[in-house]
Amino acid sequence: MKKTKKYPTKITTIVLTLILTISAMLITIPTINAQDQDTWNTFAYIAVTPDPVGVGQSVYLIMWVSPNPPTAIGVAGDRWRDMTVTVNTPNGDVETLGPWDSDPTGSTWGIYTPTQIGTYTFTLDYPGQVLSLTGPTGITADISDVERRGSAHLVGDTFLGSSDSVSITVQQDPIQKIPDYPLPSEYWTRPIEGQNTAWAGIASHWLNGAQIGSWNDLWQEDGTAPNSAHVMWSMPIEFGGVVGGTSSYAIPAVGFYSGGAYEGRFSAAMIMCGRLYFQLPLNHAGGSRASGAGYICVDLRTGEEIWLNEELGVPYTGLFSGSARPTIKGQLFNYESLNQHGVVGGTIWQVAGTTWIGYDAWTGNWIYNLTNVPSGFEVYTDYGAIVRYVLDYDDDSKSGSIALWNNTQHNVGLEATAGYGAGTTSEDYQWRPMGKSVDMSEAYSWTVSITADLTGRASPSILNVIPGDMILGTSTNFREFGRLIGTPDPYTVWAISDRDDGTRGQLLWKKDYSAPAGGIGRFFPSGNPIDEENRVFLMQDTETMQWLAYSLDTGDLVWGPVGSNFRAFQYYGSGSGGGQRGFVAYGNLYVQSYGGEIHCYDCSDGRLLWKYDNTNSGVEAIWGNYPIFITAIADGKVYAFNNEHSPNYPLYKGERMRCIDAYTGDEVWTIMSWAGQIGGGGNPTGILAEGYLTYYNYYDNQVYCVGKGPSETTVTIQDNSVAKGEGVMITGMVIDTASGTQQDEQAARFPKGVPAVSDESMGVWMEYVYMQKPCPANVKGVEVTLDAIDPNGNFVHIGRVTSDGYGQFMKMWTPEIEGEYTVIATFEGSNSYWPSYSETAVGVGPAVAPTTPIEPEEPVTEAPLISTEVAIILAVVAACIVVVVAFWLVRRRK
């Protein structure tokens with residue numbers, strides 16, 4: 001249950017911030033010095049915003065009087081009283097608002113909605129007063145504190161009235177707010193930037209204790225949850241899996257011990273602000289009931305270690321001596337005061353008995369202690385306080401009380417003491433518990449008497465609480481005859497009011513019910529489930545495995561017993577040592593069991609909506625169906641796994657983590673995993689927040705994180721400069737870039753990156769990547785869209801392709817015009833991956849001109865001419881003959 005007090009509204013937060021700003025300015029006003037006078041001037045101020053404003057839109061009236069009230073100290077002392085505002089409207093009407101009394105800074109505020117177009121004038125009037133030590137709160141300031149402030153001489157003096165006016169313009173068109181920034185469309189991490197307020201809807205935490213993860217509540221109402229079996233990372237936290245060897249062990253395939261059932265691993269796990277926290281094992285000991293190796297904090301999305309505290313979570317001598325077993329839970333407390341606003345860090349509580357040890361969730365360092373904490377029914381409020389309903393009832397006098405203990409209670413030493421000198425007990429509206437050990441024995445928000453007769457066969461005890469509404473209880477010990485033996489006759493159930501309307505503590509109804517016939521054991525299942533939506537509380541008959549619902553408002557039976565044709569193993573459901581265990585979410589009851597079935601009943605009428613039983617184990621296990629237990633319900637889905645008590649080794653094959661549609665019972669995805677348990681009651685070792693499911697796997701003793709991860713797309717064109725008309729080959733890859741892909745084994749096996757695959761191939765693919773299973777045949781990749789921007793800036797859709805089992809995609813394409821193209825490959829994302837894209841470029845030049853062939857010459861029919869070479873030779877020969885003839889003629893003349 002999570003609702004006892006609403007967060008301050010956005011308007012209140014804005015106004016308080018403005019008032020704080022004003023008070024900071026008022027601090028600079030000099031202290032009024034002692035003078036021989038008894039009358040003092042005051043100065044009134046009013047600011048109205050926004051200006052201009054649209055008709056029908058609200059404006060804030062921020063008002064203050066200077067100086068601040070001299071005797072105002074915390075909640076005590078006087079205030080400026082009876083301030084009023086006169087409103088002159090555009091049509092001449094006059095309205096009077098107020099009166100108001102100021103806060104200790106002399107400030108106050110109001111809201112007004114103009115209904116006419118034109119000019120509005122607001123006039124603040126402070127009438128003046130005689131200063132006293134007691135103001136509208138009725139709490140008198142200690143005169144010694146006033147003296148230390150130097151204002152005691154002003155008590156009894158008169159402070160004169162003052163006024164101030166301001167005008168604003170009201171127009172027809174409304175003033176537009178800055179719209180909410182959209183939800184992320186890409187992979188994101190913490191911190192969430194402070195203006196992205198809409199992202200609060202996708203962020204979530206798992207803090208254990210009464211917040212979530214306890215016996216009665218596995219419904220993660222906030223954020224998203226995985227829609228595929230994609231693994232983000234895995235982390236070995238001890239030796240795991242098959243030991244190996246055949247000659248030294250009686251059972252050659254024996255595996256390492258995983259802690260089932262009373263030394264469960266992954267104990268006290270939490271998720272806070274994007275970080276995962278859990279207890280480490282030490283040798284064979286898990287840490288839940290024996291000493292472990294410390295408490296570790298890792299990044300939820302990457303598994304990277306942030307800090308390790310070897311003391312946190314470990315029972316040790318001294319404070320946690322004897323048999324005390326610490327439990328661990330988280331807290332995010334939204335502290336609101338005049339001086340401070342917002343969640344005050346994050347706290348990890350190590351609880352043993354009446355002592356709470358606080359550690360800083362960011363660093364793991366110790367911060368402060370709470371001592372003498374009473375026992376009671378614990379509730380995590382919607383402003384982050386951890387409260388306990390403490391019932392004290394005397395059967396003899398038929399009277400008692402109920403009180404609300406609060407671990408953030410004001411004025412018990414958790415806040416800063418006012419700095420007015422030694423001995424003051426006032427607190428100064430600042431959260432300052434650091435380094436303290438605070439006695440919380442009197443930290444009660446309220447106590448009321450109970451005069452109703454709650455007596456029965458046993459002392460009254462609280463079963464469940466709807467904060468601010470009702471407290472459900474019983475005066476019966478359902479183990480009166482022994483564990484799961486029969487039903488006390490009669491058994492008594494009652495309800496008392498928790499409404500803050502003067503009825504708190506009054507009896508709403510009380511009923512004595514007859515035990516069922518035949519010795520059937522009727523009891524409240526573990527967690528005492530109730531459904532606030534349909535206003536029923538639920539009980540179960542152990543032997544018949546049937547369920548019943550009774551009205552929270554009258555105690556009358558609404559429906560039941562319902563349920564039939566259960567498998568015999570459904571008897572064992574990790575609920576109070578027997579019987580099925582059920583969890584409420586979405587107005588339905590989800591029932592788990594060793595029988596390998598999950599049944600979903602409508603809490604309004606008991607109808608069976610669906611049954612999931614795709615769990616047949618064949619010859620692998622004696623159960624017939626694999627046992628199935630719920631670890632979380634979130635985002636319209638039920639997450640379930642095996643939670644078997646003390647399993648034998650070697651573990652049987654084939655267990656799976658399962659995701660089931662919470663409304664239809666359809667299977668969404670599965671992945672091979674054997675998730676364990678803590679203790680015999682079947683507390684889950686899987687937790688879910690911020691879209692990520694984390695759990696411990698018995699098959700290899702590793703912690704796994706499942707959720708939507710980042711991806712990387714690449715694209716290339718080998719010939720990136722071509723002529724017009726030529727084609728190009730576009731190639732690329734889409735790979736999984738989750739941090740787990742960079743783990744030693746995965747990086748060595750996939751040097752080019754782990755290929756991204758389709759949602760339908762994801763389960764078997766992750767088993768291949770992370771669990772050493774065979775590579776699946778016919779694995780399907782992801783779809784990639786190929787587009788281009790042409791040289792004229794026009795969009796060109798090239799086509800869609802699907803990557804293969806190696807992550808690669810390809811497509812031939814011919815650009816149509818000359819110029820420079822940008823080619824874009826886009827993976828739009830899936831249930832497994834966030835989107836990614838990449839670009840490349842190709843240049844297209846002019847088309848190559850075709851070459852003209854040389855035509856052959858026609859043959860000549862005439863006698864061929866002498867070639868030039870032959871003619872030259874003949875000429876040379878003729879010349880030589882002429883020279884020789886001339887030489888002989890000359891010799892004959894001689």
# chains A, B, ... in the order shown; residues from 1 in each chain; ligands from 1
$ residues_around --residues "region 40-44 of chain A" --least-positions-apart "5" --cutoff "9 Å" --atoms "only C-alpha atoms" --output "list in words"
Met63, Trp64, Val65, Ser66, Pro67, Leu124, Asp125, Tyr126, Gly128, Asp157, Thr158, Phe159, Leu160, Gly161, Ser162, Ser163 and Asp164 of chain A
$ residues_around --residues "Tyr639 (chain A)" --least-positions-apart "2" --cutoff "10 Å" --atoms "only C-alpha atoms" --output "PyMOL selection string"
chain A and resi 218+225-226+628-634+637+641+657-662+668-670+686-688+693
$ closest_residue --among "A:Val769, A:Cys273, A:Leu338, A:Ala268" --to "Gln350 (chain A)" --atoms "only C-alpha atoms"
A:Ala268
$ residues_around --residues "Ser401 (chain A)" --least-positions-apart "4" --cutoff "9 Å" --atoms "only C-alpha atoms" --output "VMD selection string"
chain A and resid 390 to 393 447 to 451 505
$ atom_distance --atom1 "CA of His410 (chain A)" --atom2 "CA of Thr137 (chain A)"
16.5 Å
$ closest_residue --among "A:Gly294, A:Pro70, A:Gly753, A:Gly587" --to "Gly150 (chain A)" --atoms "only C-alpha atoms"
A:Pro70
$ residues_around --residues "Asn339 (chain A)" --least-positions-apart "2" --cutoff "8 Å" --atoms "only C-alpha atoms" --output "ChimeraX atom specification"
/A:20,336-337,341,429-430
$ write_last_selection --atoms "N, CA and C atoms" --output "PDB file, in the first residue's frame"
ATOM      1  N   LEU A  20       9.993  31.538  -0.703  1.00  0.00           N
ATOM      2  CA  LEU A  20      11.362  31.371  -0.232  1.00  0.00           C
ATOM      3  C   LEU A  20      12.263  32.462  -0.786  1.00  0.00           C
ATOM      4  N   GLU A 336       9.356  18.383   2.291  1.00  0.00           N
ATOM      5  CA  GLU A 336       8.772  19.667   1.930  1.00  0.00           C
ATOM      6  C   GLU A 336       8.645  20.535   3.170  1.00  0.00           C
ATOM      7  N   SER A 337       9.241  21.725   3.122  1.00  0.00           N
ATOM      8  CA  SER A 337       9.123  22.682   4.218  1.00  0.00           C
ATOM      9  C   SER A 337       9.242  24.077   3.629  1.00  0.00           C
ATOM     10  N   HIS A 341      12.840  21.822  -0.403  1.00  0.00           N
ATOM     11  CA  HIS A 341      11.885  21.074  -1.220  1.00  0.00           C
ATOM     12  C   HIS A 341      12.631  20.007  -2.009  1.00  0.00           C
ATOM     13  N   TYR A 429      13.197  23.577   9.814  1.00  0.00           N
ATOM     14  CA  TYR A 429      12.681  23.239   8.495  1.00  0.00           C
ATOM     15  C   TYR A 429      13.784  22.928   7.492  1.00  0.00           C
ATOM     16  N   GLN A 430      14.854  22.306   7.953  1.00  0.00           N
ATOM     17  CA  GLN A 430      15.917  21.813   7.090  1.00  0.00           C
ATOM     18  C   GLN A 430      16.199  20.360   7.480  1.00  0.00           C
TER      19      GLN A 430
END
$ select_by_dssp --residues "region 203-447 of chain A" --states "strand (DSSP E)" --output "MDAnalysis selection string"
chainID A and resid 219:220 231:236 270:272 275:280 294:299 305:309 327:331 334:336 341:343 347:352 355:360 366:371 377:380 386:394 399:406 415:417 427:431 437:439 444:447
$ write_last_selection --atoms "C-alpha atoms" --output "JSON list (two decimals), in the first residue's frame"
[["chain", "number", "residue", "atom", "x", "y", "z"],
["A", 219, "TRP", "CA", 3.00, -5.06, -8.69],
["A", 220, "GLN", "CA", 5.36, -2.50, -10.18],
["A", 231, "VAL", "CA", 19.96, -9.29, -22.45],
["A", 232, "MET", "CA", 21.76, -6.10, -21.48],
["A", 233, "TRP", "CA", 24.54, -7.80, -19.49],
["A", 234, "SER", "CA", 25.37, -10.76, -17.29],
["A", 235, "MET", "CA", 27.56, -10.80, -14.19],
["A", 236, "PRO", "CA", 29.08, -13.83, -12.48],
["A", 270, "MET", "CA", 16.85, -3.10, -5.01],
["A", 271, "ILE", "CA", 16.72, -0.66, -7.90],
["A", 272, "MET", "CA", 16.97, 3.04, -7.15],
["A", 275, "ARG", "CA", 21.21, 1.71, -10.00],
["A", 276, "LEU", "CA", 20.99, -1.94, -8.96],
["A", 277, "TYR", "CA", 21.90, -2.98, -5.41],
["A", 278, "PHE", "CA", 22.24, -6.51, -4.07],
["A", 279, "GLN", "CA", 24.00, -8.70, -1.52],
["A", 280, "LEU", "CA", 27.04, -10.64, -2.73],
["A", 294, "GLY", "CA", 29.09, -7.20, 1.16],
["A", 295, "TYR", "CA", 26.49, -5.10, -0.61],
["A", 296, "ILE", "CA", 27.25, -3.95, -4.15],
["A", 297, "CYS", "CA", 25.91, -1.12, -6.30],
["A", 298, "VAL", "CA", 26.12, -1.39, -10.09],
["A", 299, "ASP", "CA", 24.76, 0.60, -12.99],
["A", 305, "GLU", "CA", 30.39, -1.59, -10.40],
["A", 306, "ILE", "CA", 29.91, 1.77, -8.67],
["A", 307, "TRP", "CA", 30.67, 0.88, -5.04],
["A", 308, "LEU", "CA", 30.95, -2.04, -2.66],
["A", 309, "ASN", "CA", 30.31, -1.83, 1.10],
["A", 327, "THR", "CA", 16.84, -6.75, 6.23],
["A", 328, "ILE", "CA", 17.55, -4.09, 3.66],
["A", 329, "LYS", "CA", 15.21, -1.60, 2.04],
["A", 330, "GLY", "CA", 15.45, 1.73, 0.29],
["A", 331, "GLN", "CA", 13.85, 5.12, 0.73],
["A", 334, "ASN", "CA", 10.30, 13.99, -0.53],
["A", 335, "TYR", "CA", 10.95, 16.57, 2.19],
["A", 336, "GLU", "CA", 8.77, 19.67, 1.93],
["A", 341, "HIS", "CA", 11.89, 21.07, -1.22],
["A", 342, "GLY", "CA", 12.57, 17.81, -3.02],
["A", 343, "VAL", "CA", 13.78, 14.29, -2.41],
["A", 347, "THR", "CA", 18.80, 6.07, 1.69],
["A", 348, "ILE", "CA", 19.52, 2.37, 2.13],
["A", 349, "TRP", "CA", 18.28, 1.07, 5.47],
["A", 350, "GLN", "CA", 19.89, -1.91, 7.16],
["A", 351, "VAL", "CA", 17.30, -2.98, 9.72],
["A", 352, "ALA", "CA", 17.72, -5.39, 12.62],
["A", 355, "THR", "CA", 17.73, -0.27, 15.00],
["A", 356, "TRP", "CA", 17.91, 1.16, 11.50],
["A", 357, "ILE", "CA", 21.33, 2.00, 10.05],
["A", 358, "GLY", "CA", 21.19, 4.47, 7.18],
["A", 359, "TYR", "CA", 23.60, 4.45, 4.24],
["A", 360, "ASP", "CA", 23.85, 6.88, 1.36],
["A", 366, "TRP", "CA", 27.03, 5.59, 6.53],
["A", 367, "ILE", "CA", 24.90, 8.68, 7.19],
["A", 368, "TYR", "CA", 22.78, 8.25, 10.37],
["A", 369, "ASN", "CA", 20.94, 5.82, 12.66],
["A", 370, "LEU", "CA", 17.42, 5.44, 13.95],
["A", 371, "THR", "CA", 17.02, 3.69, 17.30],
["A", 377, "PHE", "CA", 2.36, -2.82, 10.08],
["A", 378, "GLU", "CA", 4.63, -0.97, 7.65],
["A", 379, "VAL", "CA", 3.51, 1.29, 4.79],
["A", 380, "TYR", "CA", 5.55, 3.25, 2.27],
["A", 386, "ILE", "CA", 8.12, 4.86, 5.91],
["A", 387, "VAL", "CA", 5.37, 4.61, 8.52],
["A", 388, "ARG", "CA", 4.16, 1.88, 10.83],
["A", 389, "TYR", "CA", 0.67, 1.38, 12.21],
["A", 390, "VAL", "CA", 1.17, 0.39, 15.84],
["A", 391, "LEU", "CA", -1.82, -1.36, 17.46],
["A", 392, "ASP", "CA", -1.97, -1.59, 21.26],
["A", 393, "TYR", "CA", -5.12, -3.34, 22.44],
["A", 394, "ASP", "CA", -6.19, -4.86, 25.77],
["A", 399, "SER", "CA", -10.00, -0.82, 24.50],
["A", 400, "GLY", "CA", -6.68, 0.39, 23.23],
["A", 401, "SER", "CA", -5.06, 2.72, 20.73],
["A", 402, "ILE", "CA", -3.58, 2.82, 17.30],
["A", 403, "ALA", "CA", -0.74, 5.16, 16.39],
["A", 404, "LEU", "CA", 1.17, 6.09, 13.26],
["A", 405, "TRP", "CA", 4.93, 5.95, 13.69],
["A", 406, "ASN", "CA", 6.82, 7.93, 11.05],
["A", 415, "GLU", "CA", 15.93, 18.31, 11.17],
["A", 416, "ALA", "CA", 18.30, 21.19, 11.87],
["A", 417, "THR", "CA", 17.80, 22.98, 15.17],
["A", 427, "GLU", "CA", 13.64, 22.78, 14.39],
["A", 428, "ASP", "CA", 14.40, 24.97, 11.43],
["A", 429, "TYR", "CA", 12.68, 23.24, 8.49],
["A", 430, "GLN", "CA", 15.92, 21.81, 7.09],
["A", 431, "TRP", "CA", 16.55, 18.08, 6.76],
["A", 437, "SER", "CA", 21.69, 8.59, 16.17],
["A", 438, "VAL", "CA", 18.08, 9.61, 16.62],
["A", 439, "ASP", "CA", 15.79, 8.10, 19.25],
["A", 444, "TYR", "CA", 4.41, 9.43, 16.07],
["A", 445, "SER", "CA", 2.34, 11.50, 13.66],
["A", 446, "TRP", "CA", -0.88, 10.73, 15.52],
["A", 447, "THR", "CA", -2.41, 8.46, 18.14]]
$ atom_distance --atom1 "CA of Thr716 (chain A)" --atom2 "CA of Gln742 (chain A)"
23.7 Å
$ closest_residue --among "A:Pro710, A:Gly106, A:Gly118, A:Gly303" --to "Val53 (chain A)" --atoms "only C-alpha atoms"
A:Gly118
$ atom_distance --atom1 "CA of Glu783 (chain A)" --atom2 "CA of Ala738 (chain A)"
18.8 Å
$ residues_around --residues "Ala152 (chain A)" --least-positions-apart "2" --cutoff "10 Å" --atoms "only C-alpha atoms" --output "ChimeraX atom specification"
/A:34,70-71,132-133,143-150,154-156
$ write_last_selection --atoms "N, CA and C atoms" --output "PDB file, in the first residue's frame"
ATOM      1  N   ALA A  34      16.440  48.713  19.097  1.00  0.00           N
ATOM      2  CA  ALA A  34      15.667  49.229  20.231  1.00  0.00           C
ATOM      3  C   ALA A  34      15.684  50.760  20.211  1.00  0.00           C
ATOM      4  N   PRO A  70       8.563  40.221  14.056  1.00  0.00           N
ATOM      5  CA  PRO A  70       9.759  40.108  14.907  1.00  0.00           C
ATOM      6  C   PRO A  70       9.727  38.958  15.901  1.00  0.00           C
ATOM      7  N   THR A  71       8.540  38.454  16.267  1.00  0.00           N
ATOM      8  CA  THR A  71       8.513  37.363  17.257  1.00  0.00           C
ATOM      9  C   THR A  71       8.237  36.007  16.616  1.00  0.00           C
ATOM     10  N   SER A 132       2.535  40.479  19.505  1.00  0.00           N
ATOM     11  CA  SER A 132       2.515  39.628  20.702  1.00  0.00           C
ATOM     12  C   SER A 132       3.469  38.457  20.501  1.00  0.00           C
ATOM     13  N   LEU A 133       3.552  37.604  21.506  1.00  0.00           N
ATOM     14  CA  LEU A 133       4.371  36.394  21.402  1.00  0.00           C
ATOM     15  C   LEU A 133       3.588  35.230  20.824  1.00  0.00           C
ATOM     16  N   ILE A 143      10.288  33.564  25.061  1.00  0.00           N
ATOM     17  CA  ILE A 143      10.800  34.925  25.160  1.00  0.00           C
ATOM     18  C   ILE A 143      12.317  34.960  25.065  1.00  0.00           C
ATOM     19  N   SER A 144      12.990  33.893  25.533  1.00  0.00           N
ATOM     20  CA  SER A 144      14.454  33.864  25.453  1.00  0.00           C
ATOM     21  C   SER A 144      14.928  33.803  24.002  1.00  0.00           C
ATOM     22  N   ASP A 145      14.177  33.049  23.159  1.00  0.00           N
ATOM     23  CA  ASP A 145      14.533  33.013  21.742  1.00  0.00           C
ATOM     24  C   ASP A 145      14.326  34.376  21.104  1.00  0.00           C
ATOM     25  N   VAL A 146      13.242  35.047  21.487  1.00  0.00           N
ATOM     26  CA  VAL A 146      12.969  36.378  20.942  1.00  0.00           C
ATOM     27  C   VAL A 146      14.043  37.363  21.398  1.00  0.00           C
ATOM     28  N   GLU A 147      14.475  37.237  22.637  1.00  0.00           N
ATOM     29  CA  GLU A 147      15.544  38.118  23.131  1.00  0.00           C
ATOM     30  C   GLU A 147      16.835  37.893  22.349  1.00  0.00           C
ATOM     31  N   ARG A 148      17.174  36.641  22.083  1.00  0.00           N
ATOM     32  CA  ARG A 148      18.396  36.378  21.331  1.00  0.00           C
ATOM     33  C   ARG A 148      18.313  36.973  19.932  1.00  0.00           C
ATOM     34  N   ARG A 149      17.117  37.076  19.422  1.00  0.00           N
ATOM     35  CA  ARG A 149      16.944  37.699  18.116  1.00  0.00           C
ATOM     36  C   ARG A 149      16.997  39.223  18.215  1.00  0.00           C
ATOM     37  N   GLY A 150      16.903  39.771  19.416  1.00  0.00           N
ATOM     38  CA  GLY A 150      16.951  41.217  19.614  1.00  0.00           C
ATOM     39  C   GLY A 150      15.633  41.907  19.397  1.00  0.00           C
ATOM     40  N   LEU A 154      10.012  44.694  21.364  1.00  0.00           N
ATOM     41  CA  LEU A 154       8.931  45.098  20.464  1.00  0.00           C
ATOM     42  C   LEU A 154       7.588  44.483  20.848  1.00  0.00           C
ATOM     43  N   VAL A 155       7.578  43.517  21.760  1.00  0.00           N
ATOM     44  CA  VAL A 155       6.328  42.898  22.175  1.00  0.00           C
ATOM     45  C   VAL A 155       5.442  43.957  22.826  1.00  0.00           C
ATOM     46  N   GLY A 156       4.214  44.051  22.335  1.00  0.00           N
ATOM     47  CA  GLY A 156       3.284  45.064  22.817  1.00  0.00           C
ATOM     48  C   GLY A 156       3.281  46.341  22.004  1.00  0.00           C
TER      49      GLY A 156
END
$ closest_residue --among "A:Glu311, A:Glu767, A:Glu818, A:Asp787" --to "Ala229 (chain A)" --atoms "only C-alpha atoms"
A:Glu767
$ residues_around --residues "Tyr590 (chain A)" --least-positions-apart "6" --cutoff "7 Å" --atoms "only C-alpha atoms" --output "PyMOL selection string"
chain A and resi 582-584+598-601
$ write_last_selection --atoms "all heavy atoms" --output "PDB file, in the first residue's frame"
ATOM      1  N   GLY A 582      -1.168 -15.728  -4.255  1.00  0.00           N
ATOM      2  CA  GLY A 582      -1.716 -14.854  -5.280  1.00  0.00           C
ATOM      3  C   GLY A 582      -1.312 -13.410  -5.077  1.00  0.00           C
ATOM      4  O   GLY A 582      -1.034 -12.971  -3.954  1.00  0.00           O
ATOM      5  N   PHE A 583      -1.301 -12.669  -6.183  1.00  0.00           N
ATOM      6  CA  PHE A 583      -0.948 -11.256  -6.169  1.00  0.00           C
ATOM      7  C   PHE A 583      -1.998 -10.473  -6.940  1.00  0.00           C
ATOM      8  O   PHE A 583      -2.506 -10.932  -7.967  1.00  0.00           O
ATOM      9  CB  PHE A 583       0.432 -11.037  -6.796  1.00  0.00           C
ATOM     10  CG  PHE A 583       1.523 -11.795  -6.100  1.00  0.00           C
ATOM     11  CD1 PHE A 583       1.905 -13.053  -6.545  1.00  0.00           C
ATOM     12  CD2 PHE A 583       2.145 -11.270  -4.979  1.00  0.00           C
ATOM     13  CE1 PHE A 583       2.897 -13.765  -5.902  1.00  0.00           C
ATOM     14  CE2 PHE A 583       3.144 -11.975  -4.327  1.00  0.00           C
ATOM     15  CZ  PHE A 583       3.520 -13.221  -4.788  1.00  0.00           C
ATOM     16  N   VAL A 584      -2.300  -9.281  -6.449  1.00  0.00           N
ATOM     17  CA  VAL A 584      -3.341  -8.446  -7.038  1.00  0.00           C
ATOM     18  C   VAL A 584      -2.716  -7.353  -7.899  1.00  0.00           C
ATOM     19  O   VAL A 584      -1.771  -6.681  -7.475  1.00  0.00           O
ATOM     20  CB  VAL A 584      -4.224  -7.822  -5.943  1.00  0.00           C
ATOM     21  CG1 VAL A 584      -5.184  -6.799  -6.539  1.00  0.00           C
ATOM     22  CG2 VAL A 584      -4.994  -8.911  -5.204  1.00  0.00           C
ATOM     23  N   ILE A 598      -0.452 -20.590 -14.068  1.00  0.00           N
ATOM     24  CA  ILE A 598      -0.854 -19.311 -13.488  1.00  0.00           C
ATOM     25  C   ILE A 598      -2.310 -19.097 -13.850  1.00  0.00           C
ATOM     26  O   ILE A 598      -2.688 -19.165 -15.025  1.00  0.00           O
ATOM     27  CB  ILE A 598       0.009 -18.151 -13.993  1.00  0.00           C
ATOM     28  CG1 ILE A 598       1.442 -18.283 -13.471  1.00  0.00           C
ATOM     29  CG2 ILE A 598      -0.580 -16.805 -13.560  1.00  0.00           C
ATOM     30  CD1 ILE A 598       2.383 -17.186 -13.930  1.00  0.00           C
ATOM     31  N   HIS A 599      -3.142 -18.862 -12.825  1.00  0.00           N
ATOM     32  CA  HIS A 599      -4.563 -18.596 -13.031  1.00  0.00           C
ATOM     33  C   HIS A 599      -4.825 -17.124 -12.762  1.00  0.00           C
ATOM     34  O   HIS A 599      -4.313 -16.561 -11.791  1.00  0.00           O
ATOM     35  CB  HIS A 599      -5.421 -19.443 -12.097  1.00  0.00           C
ATOM     36  CG  HIS A 599      -5.294 -20.916 -12.339  1.00  0.00           C
ATOM     37  ND1 HIS A 599      -4.247 -21.661 -11.868  1.00  0.00           N
ATOM     38  CD2 HIS A 599      -6.105 -21.786 -13.009  1.00  0.00           C
ATOM     39  CE1 HIS A 599      -4.398 -22.924 -12.234  1.00  0.00           C
ATOM     40  NE2 HIS A 599      -5.521 -23.024 -12.928  1.00  0.00           N
ATOM     41  N   CYS A 600      -5.623 -16.517 -13.605  1.00  0.00           N
ATOM     42  CA  CYS A 600      -5.995 -15.112 -13.442  1.00  0.00           C
ATOM     43  C   CYS A 600      -7.498 -15.025 -13.212  1.00  0.00           C
ATOM     44  O   CYS A 600      -8.298 -15.438 -14.064  1.00  0.00           O
ATOM     45  CB  CYS A 600      -5.605 -14.308 -14.677  1.00  0.00           C
ATOM     46  SG  CYS A 600      -6.136 -12.578 -14.626  1.00  0.00           S
ATOM     47  N   TYR A 601      -7.887 -14.461 -12.038  1.00  0.00           N
ATOM     48  CA  TYR A 601      -9.293 -14.300 -11.679  1.00  0.00           C
ATOM     49  C   TYR A 601      -9.651 -12.821 -11.643  1.00  0.00           C
ATOM     50  O   TYR A 601      -8.852 -11.985 -11.209  1.00  0.00           O
ATOM     51  CB  TYR A 601      -9.567 -14.901 -10.297  1.00  0.00           C
ATOM     52  CG  TYR A 601      -9.327 -16.379 -10.197  1.00  0.00           C
ATOM     53  CD1 TYR A 601      -8.110 -16.872  -9.731  1.00  0.00           C
ATOM     54  CD2 TYR A 601     -10.316 -17.286 -10.553  1.00  0.00           C
ATOM     55  CE1 TYR A 601      -7.888 -18.234  -9.620  1.00  0.00           C
ATOM     56  CE2 TYR A 601     -10.102 -18.659 -10.448  1.00  0.00           C
ATOM     57  CZ  TYR A 601      -8.884 -19.123  -9.988  1.00  0.00           C
ATOM     58  OH  TYR A 601      -8.678 -20.470  -9.892  1.00  0.00           O
TER      59      TYR A 601
END
$ residues_around --residues "Val784 (chain A)" --least-positions-apart "6" --cutoff "7 Å" --atoms "only C-alpha atoms" --output "mmCIF file with N, CA and C atoms, in the first residue's frame"
data_model
loop_
_atom_site.group_PDB
_atom_site.id
_atom_site.type_symbol
_atom_site.label_atom_id
_atom_site.label_comp_id
_atom_site.auth_asym_id
_atom_site.auth_seq_id
_atom_site.Cartn_x
_atom_site.Cartn_y
_atom_site.Cartn_z
ATOM 1 N N ARG A 800 13.557 -1.201 -48.434
ATOM 2 C CA ARG A 800 13.711 -1.826 -47.125
ATOM 3 C C ARG A 800 14.422 -3.157 -47.294
ATOM 4 N N VAL A 801 15.345 -3.420 -46.379
ATOM 5 C CA VAL A 801 16.077 -4.670 -46.414
ATOM 6 C C VAL A 801 16.102 -5.242 -45.007
ATOM 7 N N THR A 802 16.414 -6.514 -44.893
ATOM 8 C CA THR A 802 16.516 -7.183 -43.589
ATOM 9 C C THR A 802 17.926 -7.735 -43.435
ATOM 10 N N ALA A 825 20.913 4.971 -43.820
ATOM 11 C CA ALA A 825 20.399 3.673 -43.380
ATOM 12 C C ALA A 825 19.801 3.842 -41.988
ATOM 13 N N THR A 826 18.529 3.487 -41.813
ATOM 14 C CA THR A 826 17.830 3.699 -40.547
ATOM 15 C C THR A 826 17.265 2.390 -40.033
ATOM 16 N N PHE A 827 17.683 2.030 -38.817
ATOM 17 C CA PHE A 827 17.035 0.942 -38.088
ATOM 18 C C PHE A 827 16.076 1.616 -37.110
#
$ select_by_dssp --residues "region 763-855 of chain A" --states "helix (DSSP H, G or I)" --output "ChimeraX atom specification"
/A:763-770
$ write_last_selection --atoms "C-alpha atoms" --output "short mmCIF file (atom, residue, chain, number, x, y, z; two decimals), in the first residue's frame"
data_model
loop_
_atom_site.label_atom_id
_atom_site.label_comp_id
_atom_site.auth_asym_id
_atom_site.auth_seq_id
_atom_site.Cartn_x
_atom_site.Cartn_y
_atom_site.Cartn_z
CA GLY A 763 15.20 -15.63 -26.87
CA VAL A 764 17.21 -18.35 -28.61
CA TRP A 765 19.73 -15.79 -29.88
CA MET A 766 20.46 -14.51 -26.37
CA GLU A 767 20.87 -18.11 -25.22
CA TYR A 768 23.49 -18.53 -27.95
CA VAL A 769 25.27 -15.26 -27.12
CA TYR A 770 25.24 -15.47 -23.31
#
